[in-house]
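The structure appears right after this line, and notes come after that.
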Amino acid sequence: MTLLLGTYEIDMTPQPPVQLAGYAHREGKAMEVHSQLFLKIYYFEQDGRAFLLIIGDVIWWDDQLVDTWRKRVADEYSVKPESICFHATHNHSGPQTSEAFTSLLGVSDQSYKESLEDVIMKSVKCAISNKEPVTIARRKTTSDIGIYRRLKHENKMVMSPNPYVPIDKDVTIITFENIKHDMKAMLIHYACHPTTTDANVVSSEYTGVCCARLKETYHHAVIGFLQGCCGDVRPALIKDHTFFRGSLQDMEAIGNQLAEDIISGMNISDVEVIHSDSLQAYSSRVPLPFQKEYTSNEEMEPDVLSIWKQHIEQNWQDKNKTRLEIQFLEISSRLRFIFFNGEMVQHYSQYVKKIDSGVLAIGYSNGMIGYIPSQTQLMEGGYEAEEFIYYFGLPAPFHIETEKIIQNAIDNILEGE
């Protein structure tokens, strides 16, 4: 069966001044643009079935906006809602797109969000209009730009470099060529937080730098970054055994380093040709319970606690659970993807790999509910297990059984249940 692919990319950079998302300590609005933010569309079609992958250089997408946009795209272009994926590179130097979290993570601009809908609809139309037969190849390489970020210090889990816990360094490169053997598209899968710099300047972070560098070599390809399960992995910017936030130059250096790793990977002889024998997608939403009778952590800063408590009172009617969306895409029996609307820690991608090494696990898709820690991390505490809730505005940490619930859901979706 022939796989058709249509692509399109468009500038989605907000005009300054704009408040950026991702760091509670940033003050004021960004007044400058370092690099453009892009919206990238990939329209797959085969044997009457279609799938839309929409990638944006933003921190995440808003859950309600995703539902609204899916419905409109489905109505106008006859693509099933469960076959539409909104993925974010998790860029911490772009605008906030959601009001689901506390103001500490950045306040969204309503006019900017409203402008995105028309941009998305026009871009989908353009992608569909240039669909053509493609062949698929997969290559693998590695990169050392990331490091595990949880370390036990004085009986407390802190955010510090921990080289003793291995991370997944794999970089997967998926390329799509047309019948003229021109590169039409490239998808890069890697797992590392785009938090190289906290400069109050609009940029596409290291993920965008990487894609822009690759574009210099593959001029006509739409090159997208698929952010893996990087909840506990961040760039290895370290001085005196401590993390530091880098400059814009550090961001460029790390993005270019990843791009060079990928270019080297493109030159290897071990290329896996993927024959697209199926195109299917489906999704499920899994209720995740919170811990009961949770008492707030009084070690948090008073201002943070105050904003969190007010947010909970105003926004949470059902404080017992939230829903994790898991979306599955199969392009081939040897090329499958699983998307989550959470900041998944690497434990979950490792679990997926144990089931099927050909499945790529991807976070930051179709909305955001917060960090999803492992059972061990929930027992250890730390930012990814507890402290994040005060910024994301959740009523409590997740229940200790969360990992088992998610693993069971992963099992079911990979088995087609």
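Every chain in the structure tokens has a letter given in the order shown (A, B, ...), and although residue numbers restart at 1 in each chain, ligands are simply numbered from 1 in the order shown.
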
Report task. Please identify all polymer residues within 6 Å of stretch 306-322 of chain A, counting only C-alpha atoms, omitting same-chain residues fewer than 2 positions from it, and present them as a VMD selection string. Result -> chain A and resid 287 to 290 303 to 304 390 393

Taking N, CA and C atoms for each residue, export the selection above as an mmCIF file, in the first residue's frame.
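And here's result-v5.cif as it stands now:
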```cif
data_model
loop_
_atom_site.group_PDB
_atom_site.id
_atom_site.type_symbol
_atom_site.label_atom_id
_atom_site.label_comp_id
_atom_site.auth_asym_id
_atom_site.auth_seq_id
_atom_site.Cartn_x
_atom_site.Cartn_y
_atom_site.Cartn_z
ATOM 1 N N PRO A 287 -8.478 7.601 33.778
ATOM 2 C CA PRO A 287 -8.561 8.386 35.017
ATOM 3 C C PRO A 287 -7.358 8.098 35.920
ATOM 4 N N LEU A 288 -6.708 9.161 36.373
ATOM 5 C CA LEU A 288 -5.585 9.035 37.305
ATOM 6 C C LEU A 288 -5.991 9.650 38.645
ATOM 7 N N PRO A 289 -5.970 8.869 39.715
ATOM 8 C CA PRO A 289 -6.376 9.392 41.022
ATOM 9 C C PRO A 289 -5.257 10.165 41.711
ATOM 10 N N PHE A 290 -5.663 11.101 42.558
ATOM 11 C CA PHE A 290 -4.710 11.831 43.388
ATOM 12 C C PHE A 290 -4.632 11.189 44.769
ATOM 13 N N ASP A 303 4.182 32.750 48.940
ATOM 14 C CA ASP A 303 3.480 33.283 47.770
ATOM 15 C C ASP A 303 3.024 32.169 46.838
ATOM 16 N N VAL A 304 3.877 31.154 46.684
ATOM 17 C CA VAL A 304 3.525 30.014 45.830
ATOM 18 C C VAL A 304 2.338 29.268 46.421
ATOM 19 N N TYR A 390 2.289 22.621 42.780
ATOM 20 C CA TYR A 390 2.031 23.992 43.205
ATOM 21 C C TYR A 390 2.130 24.981 42.044
ATOM 22 N N GLY A 393 -0.961 23.614 39.492
ATOM 23 C CA GLY A 393 -2.284 23.814 40.048
ATOM 24 C C GLY A 393 -3.083 22.547 40.260
#
```

Query raised in the report: Which neighbours of A:Met121 fall inside 10 Å, counting only C-alpha atoms, when residues of the same chain fewer than 2 positions from it are skipped, and could you give them as a list in words?
Result: Trp69, Arg72, Val73, Glu76, Tyr77, Leu116, Glu117, Asp118, Val119, Ser123, Val124, Lys125 and Cys126 of chain A

Query raised in the report: Contacts of A:Gln36 at 12 Å or less, counting only C-alpha atoms, minus same-chain residues fewer than 3 places along, as a PyMOL selection string?
Result: chain A and resi 9-15+32-33+39+56-58+91+93-94+201-205+207-209+211-212

Requested in this report: Write out as an MDAnalysis selection string each polymer residue whose atoms come within 7 Å of A:Ser83, counting only C-alpha atoms; drop sequence neighbours fewer than 2 positions from it.
Outcome: chainID A and resid 50:52 79:81 85 281:282

Generate a file of the selected residues that holds C-alpha atoms, formatted as an mmCIF file, in the first residue's frame.
```cif
data_model
loop_
_atom_site.group_PDB
_atom_site.id
_atom_site.type_symbol
_atom_site.label_atom_id
_atom_site.label_comp_id
_atom_site.auth_asym_id
_atom_site.auth_seq_id
_atom_site.Cartn_x
_atom_site.Cartn_y
_atom_site.Cartn_z
ATOM 1 C CA ALA A 50 -5.734 9.726 7.494
ATOM 2 C CA PHE A 51 -3.678 11.034 10.407
ATOM 3 C CA LEU A 52 -2.679 14.619 11.182
ATOM 4 C CA VAL A 79 -10.157 13.362 9.715
ATOM 5 C CA LYS A 80 -11.332 11.517 12.819
ATOM 6 C CA PRO A 81 -10.623 13.404 16.074
ATOM 7 C CA CYS A 85 -2.381 14.875 17.292
ATOM 8 C CA ALA A 281 -4.846 5.458 15.129
ATOM 9 C CA TYR A 282 -6.927 5.347 18.269
#
```

Requested in this report: May I ask which of the residues A:Cys229, A:Met368, A:Leu324, A:Leu37 is the closest one to A:Tyr148, counting only C-alpha atoms?
Outcome: A:Cys229

Query raised in the report: Which residues come within 9 Å of A:Trp60, counting only C-alpha atoms, excluding same-chain residues fewer than 5 positions away, as a list in words?
Result: Phe86, His87, Ala88, Thr89, His90, Asn91, Gln96, Thr97, Ser98, Asn341, Tyr364, Ser365, Asn366, Gly367 and Met368 of chain A

**Report entry** 8 Å contact set for stretch 235-241 of chain A, only C-alpha atoms, chain neighbours under 2 positions out, as a list in words
**Finding:** Ile145, Gly146, Ile147, Ser160, Pro161, Cys192, His193, Pro194, Thr195, Thr196, Val233, Phe243, Phe244, Arg245 and Gly246 of chain A

Let me see the file: selected residues, C-alpha atoms, as a PDB file, in the first residue's frame.
```pdb
ATOM      1  CA  ILE A 145      23.244  16.625  25.608  1.00  0.00           C
ATOM      2  CA  GLY A 146      21.018  15.405  28.461  1.00  0.00           C
ATOM      3  CA  ILE A 147      21.449  14.083  32.014  1.00  0.00           C
ATOM      4  CA  SER A 160      20.798  18.131  40.637  1.00  0.00           C
ATOM      5  CA  PRO A 161      22.897  16.332  38.020  1.00  0.00           C
ATOM      6  CA  CYS A 192      15.557  16.141  26.917  1.00  0.00           C
ATOM      7  CA  HIS A 193      13.924  19.223  28.445  1.00  0.00           C
ATOM      8  CA  PRO A 194      14.288  22.386  26.304  1.00  0.00           C
ATOM      9  CA  THR A 195      15.497  24.399  29.288  1.00  0.00           C
ATOM     10  CA  THR A 196      18.958  25.487  28.257  1.00  0.00           C
ATOM     11  CA  VAL A 233      16.010  14.705  32.004  1.00  0.00           C
ATOM     12  CA  PHE A 243      22.955  22.881  37.085  1.00  0.00           C
ATOM     13  CA  PHE A 244      23.026  26.364  35.638  1.00  0.00           C
ATOM     14  CA  ARG A 245      20.745  28.130  33.183  1.00  0.00           C
ATOM     15  CA  GLY A 246      22.708  28.936  30.084  1.00  0.00           C
TER      16      GLY A 246
END
```
